[in-house]
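Asks: Have a look at the structure that comes next, please.
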Amino acid sequence: MAKKKSPRGKTKAAARKAAKPARRAATSKPARRAATSKPARRAATSKKATKLKAKAKPPAALKAAPVKAAAKNGGSPKPTAKPFGQAGKALDGVKILDFTHVQSGPTCTQLLGYLGADCIKVERPGVGDITRGQLRDVKGADSLYFTMLNGNKRSITIDSKHPKGKEILDRLIKQCDVLVENFAPGALDRMGLTWDYIHKLNPRMIVASVKGFGPGPYEDCKVYENVAQCAGGAASTTGFREGPPLVTGAQIGDSGTGLHLALGIVAALYQRNRTGRGQRVLAAMQDGVLNLCRVKLRDQQRLKHGPLGEYSQYGEGVAFGQSVPRAGNDSGGGQPGWILKCKGWESDPDAYIYFITQAPVWGEICDLIGKPEWKTHPDFVTPPARLPRLKQIFNTIEEWTKTKTKFEVMEACNAVDIPVGPILSMKEIAEEESLRKTGTVVEVDHPTRGPYLTVGNPIKLSDSITEVKRSPLLGEHTDQILTKDLGYSAKQLEEIKASGAITAPEKPKAAAA
Ligand code: CAO
């Protein structure tokens, strides 16, 4: 049988042979040049590298999904013939050295894991990520705090300050594509893992960090979620005017910054395809929160030009101060909205709906709430005319919503295209079938705690289907990573174990009676 020819005339086998591993990852000419540069060639041909290769699996970075190098399409491979969803994962072949803990960093690496990256979570022997034991609901089992932020990862315990531990980390650094960390400022350097050190060891390594603040007066501060919410402008603009600043339940400081970092990492991986080198990625929590509060900085500047008409305090005749005020449940956008009571509100704390008086459907709103005269009345007919009367308008709409459940309001409004949102409790969300069907809420099994719910990948890719896997037990993959990934022999593994680099220090035994 005749061998199948590739589009460039070569046989498939010949094309495969020609495609050098480093070139596979590259997508453009300069990237190919960088990947086959002197240092890259030296690394690939050195005796040490050959020895390591013989013992261990090839570095994941070099294992990227096969790319049939093609000059056409700007160096992109020929579109695969595989059905969508069966051509691997978006980040297949990307190996992450995951030094994260608590929430912000783990959010980032879990997401990268959902997208197909191989995340190796490094934890302190005997202790692990502090969240394993925080907010524990099942005695002796990893907490939901930990399990819901560390799916799709492998766990290795390493004392990063132990000489042997450092040697293991060096090997990991040489093999991984990205190091992600969210230690307190300076902690990584104190481990000896400075940018210069890492970059010298592996010039392709991307070093990604979450810190509380960027460079400046607060750069050395430790930061938790609510500190970031306050410093990033969220708290001063959340809550009711007459009350104190308020933090929100959405973890915009931690999880929000983790998402920002993940985007930075993916962009750095993309740039590395061209440049062949890694870079540092920093996502400061204050910056991340401010980015999400961008509309409030917008309003701060608008204040110079007069009162903010869509804030209900305008209609109430309350003067504006120097800064953007807390706006309660005002929509914050160009379409006024408010939270309104629904049937059952007296006993159900979540019997409410968010109602938006979108201008294009004003007529439909008037008909629905039994105020058809407002469609033509000069006080209500235009959006600017309505602004000073928002309170009266929402009180009137509420008289109608109070006669219906939040789901009945939603049904009636959706039928005529009025945007509304039921206030869903966490119980309702956990039980919502459509979220289960889309994989946004997933149940996974766990060997010590049993099944638990987690949030799957909120970002859906049609050709990279997320498979949510349970979080690892502490050190579950230590032996596997040391032998299979790093190529240590069984004898060396025993030596490492005896050295104390991967095991918890022995507790002093009670004196014999
Ligand atoms: N082996 C040996 N030592 C280890 C280790 C390992 N595998 N893993 C961590 N450590 C050590 C660190 O080296 C550090 O030691 P030194 O300070 O003595 O050098 C120590 O553990 C503690 O690290 P830390 O200071 O990061 O942890 P913390 O609990 O004191 O602070 C936090 C936690 C979150 C406030 C801090 O890490 C921080 O500000 N991070 C940046 C911002 C951030 O991500 N905040 C979000 C938190 S999520 O809600």
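Each chain of the structure tokens is named A, B, ... in the order shown, its residues numbered from 1; ligands are numbered from 1 in display order.
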Enumerate as JSON, numbers by chain the residues within 7 Å of ligand 1, counting only C-alpha atoms and all ligand atoms.
Replies: {"A": [102, 103, 104, 105, 122, 123, 124, 125, 157, 158, 159, 160, 161, 182, 183, 184, 185, 187, 188, 190, 191, 210, 211, 212, 221, 222, 223, 224, 225, 254]}
Asks: With DSSP run on the backbone, what are the strand (DSSP E or B) residues within range 185-335 of chain A? I'd like them as a PyMOL selection string.
Replies: chain A and resi 206-211+280-284
Asks: What parts of range 132-306 of chain A does DSSP call helix (DSSP H, G or I)? I'd like the answer as an MDAnalysis selection string.
Replies: chainID A and resid 132:133 144:147 163:175 187:190 195:201 225:231 235:237 255:275 285:292 294:305
Asks: Within 12 Å of Gly309 in chain A, counting only C-alpha atoms, which residues qualify if same-chain residues fewer than 5 places away don't, as a VMD selection string?
Replies: chain A and resid 299 302 to 303 314 to 320 327 330 to 336 383 to 390
Asks: Set the distance at 7 Å and use only C-alpha atoms: which residues neighbour Gly116 in chain A once local chain neighbours fewer than 2 positions away are removed? I'd like the list as a PyMOL selection string.
Replies: chain A and resi 89-92+112-114+118
Asks: Pick out the residues sitting within 9 Å of Leu474 in chain A, and hand them over as a PDB file with all heavy atoms, in the first residue's frame; count only C-alpha atoms, and ignore anything fewer than 3 positions along from it in its own chain.
Replies:
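Generated output (result.pdb):
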```pdb
ATOM      1  N   GLU A 123       4.357  20.687  48.299  1.00  0.00           N
ATOM      2  CA  GLU A 123       3.849  21.020  49.634  1.00  0.00           C
ATOM      3  C   GLU A 123       4.882  20.647  50.693  1.00  0.00           C
ATOM      4  O   GLU A 123       5.704  19.750  50.497  1.00  0.00           O
ATOM      5  CB  GLU A 123       2.551  20.278  49.898  1.00  0.00           C
ATOM      6  CG  GLU A 123       1.442  20.681  48.945  1.00  0.00           C
ATOM      7  CD  GLU A 123       0.124  20.001  49.245  1.00  0.00           C
ATOM      8  OE1 GLU A 123      -0.584  20.455  50.149  1.00  0.00           O
ATOM      9  OE2 GLU A 123      -0.184  19.001  48.576  1.00  0.00           O
ATOM     10  N   PRO A 125       6.465  18.877  53.687  1.00  0.00           N
ATOM     11  CA  PRO A 125       6.249  17.542  54.248  1.00  0.00           C
ATOM     12  C   PRO A 125       5.499  17.595  55.579  1.00  0.00           C
ATOM     13  O   PRO A 125       5.817  18.409  56.440  1.00  0.00           O
ATOM     14  CB  PRO A 125       7.674  16.999  54.440  1.00  0.00           C
ATOM     15  CG  PRO A 125       8.518  17.769  53.481  1.00  0.00           C
ATOM     16  CD  PRO A 125       7.884  19.126  53.368  1.00  0.00           C
ATOM     17  N   GLY A 126       4.507  16.736  55.691  1.00  0.00           N
ATOM     18  CA  GLY A 126       3.766  16.600  56.940  1.00  0.00           C
ATOM     19  C   GLY A 126       2.757  17.697  57.196  1.00  0.00           C
ATOM     20  O   GLY A 126       1.882  17.565  58.052  1.00  0.00           O
ATOM     21  N   VAL A 127       2.828  18.784  56.461  1.00  0.00           N
ATOM     22  CA  VAL A 127       1.950  19.929  56.716  1.00  0.00           C
ATOM     23  C   VAL A 127       1.046  20.182  55.507  1.00  0.00           C
ATOM     24  O   VAL A 127      -0.173  20.171  55.604  1.00  0.00           O
ATOM     25  CB  VAL A 127       2.781  21.215  56.986  1.00  0.00           C
ATOM     26  CG1 VAL A 127       1.877  22.362  57.399  1.00  0.00           C
ATOM     27  CG2 VAL A 127       3.866  20.968  58.013  1.00  0.00           C
ATOM     28  N   GLY A 128       1.688  20.400  54.394  1.00  0.00           N
ATOM     29  CA  GLY A 128       0.934  20.681  53.175  1.00  0.00           C
ATOM     30  C   GLY A 128       0.351  22.066  53.182  1.00  0.00           C
ATOM     31  O   GLY A 128       0.611  22.888  54.073  1.00  0.00           O
ATOM     32  N   ASP A 129      -0.426  22.332  52.177  1.00  0.00           N
ATOM     33  CA  ASP A 129      -1.167  23.595  52.068  1.00  0.00           C
ATOM     34  C   ASP A 129      -1.993  23.749  53.338  1.00  0.00           C
ATOM     35  O   ASP A 129      -2.732  22.834  53.729  1.00  0.00           O
ATOM     36  CB  ASP A 129      -2.068  23.497  50.827  1.00  0.00           C
ATOM     37  CG  ASP A 129      -2.760  24.812  50.488  1.00  0.00           C
ATOM     38  OD1 ASP A 129      -3.115  25.550  51.421  1.00  0.00           O
ATOM     39  OD2 ASP A 129      -2.956  25.079  49.295  1.00  0.00           O
ATOM     40  N   ARG A 132      -5.625  22.527  53.837  1.00  0.00           N
ATOM     41  CA  ARG A 132      -6.053  21.129  53.993  1.00  0.00           C
ATOM     42  C   ARG A 132      -6.767  20.943  55.336  1.00  0.00           C
ATOM     43  O   ARG A 132      -7.710  20.176  55.451  1.00  0.00           O
ATOM     44  CB  ARG A 132      -4.849  20.178  53.922  1.00  0.00           C
ATOM     45  CG  ARG A 132      -4.322  19.949  52.514  1.00  0.00           C
ATOM     46  CD  ARG A 132      -3.237  18.878  52.521  1.00  0.00           C
ATOM     47  NE  ARG A 132      -2.620  18.700  51.212  1.00  0.00           N
ATOM     48  CZ  ARG A 132      -3.013  17.798  50.305  1.00  0.00           C
ATOM     49  NH1 ARG A 132      -4.002  16.975  50.559  1.00  0.00           N
ATOM     50  NH2 ARG A 132      -2.377  17.709  49.137  1.00  0.00           N
ATOM     51  N   ASP A 142      -9.196  15.993  54.106  1.00  0.00           N
ATOM     52  CA  ASP A 142      -8.904  17.324  53.574  1.00  0.00           C
ATOM     53  C   ASP A 142     -10.193  18.145  53.501  1.00  0.00           C
ATOM     54  O   ASP A 142     -11.244  17.633  53.116  1.00  0.00           O
ATOM     55  CB  ASP A 142      -8.304  17.209  52.166  1.00  0.00           C
ATOM     56  CG  ASP A 142      -6.879  16.672  52.198  1.00  0.00           C
ATOM     57  OD1 ASP A 142      -6.194  16.889  53.217  1.00  0.00           O
ATOM     58  OD2 ASP A 142      -6.459  16.032  51.215  1.00  0.00           O
ATOM     59  N   SER A 155       0.356  15.906  43.878  1.00  0.00           N
ATOM     60  CA  SER A 155       1.007  16.490  45.058  1.00  0.00           C
ATOM     61  C   SER A 155       2.323  15.777  45.361  1.00  0.00           C
ATOM     62  O   SER A 155       2.394  14.555  45.404  1.00  0.00           O
ATOM     63  CB  SER A 155       0.086  16.398  46.282  1.00  0.00           C
ATOM     64  OG  SER A 155       0.820  16.643  47.474  1.00  0.00           O
ATOM     65  N   ILE A 156       3.356  16.592  45.549  1.00  0.00           N
ATOM     66  CA  ILE A 156       4.656  16.058  45.984  1.00  0.00           C
ATOM     67  C   ILE A 156       5.065  16.845  47.230  1.00  0.00           C
ATOM     68  O   ILE A 156       4.874  18.060  47.283  1.00  0.00           O
ATOM     69  CB  ILE A 156       5.733  16.189  44.880  1.00  0.00           C
ATOM     70  CG1 ILE A 156       7.088  15.641  45.351  1.00  0.00           C
ATOM     71  CG2 ILE A 156       5.894  17.617  44.390  1.00  0.00           C
ATOM     72  CD1 ILE A 156       8.142  15.533  44.242  1.00  0.00           C
ATOM     73  N   THR A 157       5.572  16.145  48.234  1.00  0.00           N
ATOM     74  CA  THR A 157       6.067  16.878  49.405  1.00  0.00           C
ATOM     75  C   THR A 157       7.576  17.054  49.264  1.00  0.00           C
ATOM     76  O   THR A 157       8.298  16.092  48.983  1.00  0.00           O
ATOM     77  CB  THR A 157       5.754  16.125  50.717  1.00  0.00           C
ATOM     78  OG1 THR A 157       6.191  14.784  50.585  1.00  0.00           O
ATOM     79  CG2 THR A 157       4.281  16.138  51.031  1.00  0.00           C
ATOM     80  N   HIS A 477       1.620  11.824  45.106  1.00  0.00           N
ATOM     81  CA  HIS A 477       2.380  11.506  43.886  1.00  0.00           C
ATOM     82  C   HIS A 477       3.891  11.684  44.051  1.00  0.00           C
ATOM     83  O   HIS A 477       4.617  11.755  43.063  1.00  0.00           O
ATOM     84  CB  HIS A 477       1.876  12.376  42.734  1.00  0.00           C
ATOM     85  CG  HIS A 477       0.413  12.240  42.510  1.00  0.00           C
ATOM     86  ND1 HIS A 477      -0.511  13.105  43.058  1.00  0.00           N
ATOM     87  CD2 HIS A 477      -0.291  11.301  41.829  1.00  0.00           C
ATOM     88  CE1 HIS A 477      -1.723  12.708  42.719  1.00  0.00           C
ATOM     89  NE2 HIS A 477      -1.628  11.622  41.974  1.00  0.00           N
ATOM     90  N   THR A 478       4.344  11.767  45.317  1.00  0.00           N
ATOM     91  CA  THR A 478       5.773  12.011  45.543  1.00  0.00           C
ATOM     92  C   THR A 478       6.639  10.953  44.847  1.00  0.00           C
ATOM     93  O   THR A 478       7.536  11.279  44.055  1.00  0.00           O
ATOM     94  CB  THR A 478       6.079  12.050  47.059  1.00  0.00           C
ATOM     95  OG1 THR A 478       5.284  13.073  47.650  1.00  0.00           O
ATOM     96  CG2 THR A 478       7.546  12.363  47.318  1.00  0.00           C
TER      97      THR A 478
END
```
Asks: Ranking A:Thr107, A:Thr440, A:Thr100, A:Gln300 by minimum distance to Gly256 in chain A and counting only C-alpha atoms, which one comes first?
Replies: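 Nearest candidate to Gly256 in chain A out of A:Thr107, A:Thr440, A:Thr100, A:Gln300: A:Thr107.
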Asks: Need to verify the contact set: Asn329 in chain A, 12 Å, only C-alpha atoms, exclusion of same-chain residues closer than 5 positions in sequence. Can you return it as a PDB file with C-alpha atoms, in the first residue's frame?
Replies:
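See part18.pdb below for the written result:
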```pdb
ATOM      1  CA  THR A 237     -18.034  51.322  46.707  1.00  0.00           C
ATOM      2  CA  THR A 238     -20.014  48.368  48.059  1.00  0.00           C
ATOM      3  CA  GLY A 239     -22.842  48.532  50.577  1.00  0.00           C
ATOM      4  CA  PHE A 240     -25.444  51.128  51.370  1.00  0.00           C
ATOM      5  CA  ARG A 241     -24.693  54.817  51.558  1.00  0.00           C
ATOM      6  CA  GLU A 310     -28.248  56.754  37.803  1.00  0.00           C
ATOM      7  CA  TYR A 311     -27.294  56.496  41.504  1.00  0.00           C
ATOM      8  CA  SER A 312     -30.508  56.562  43.526  1.00  0.00           C
ATOM      9  CA  GLN A 313     -29.111  59.194  45.872  1.00  0.00           C
ATOM     10  CA  PRO A 336     -31.171  51.426  36.231  1.00  0.00           C
ATOM     11  CA  GLY A 337     -31.874  48.375  38.371  1.00  0.00           C
ATOM     12  CA  TRP A 338     -32.657  47.367  41.948  1.00  0.00           C
ATOM     13  CA  ILE A 339     -33.355  44.294  44.066  1.00  0.00           C
ATOM     14  CA  LEU A 340     -37.051  43.809  44.709  1.00  0.00           C
ATOM     15  CA  ILE A 353     -35.222  39.486  42.143  1.00  0.00           C
ATOM     16  CA  TYR A 354     -32.886  41.922  40.425  1.00  0.00           C
ATOM     17  CA  PHE A 355     -35.017  44.018  38.105  1.00  0.00           C
ATOM     18  CA  ILE A 356     -33.520  46.132  35.302  1.00  0.00           C
ATOM     19  CA  LYS A 391     -37.294  55.035  43.926  1.00  0.00           C
ATOM     20  CA  PHE A 394     -38.991  50.515  41.803  1.00  0.00           C
TER      21      PHE A 394
END
```
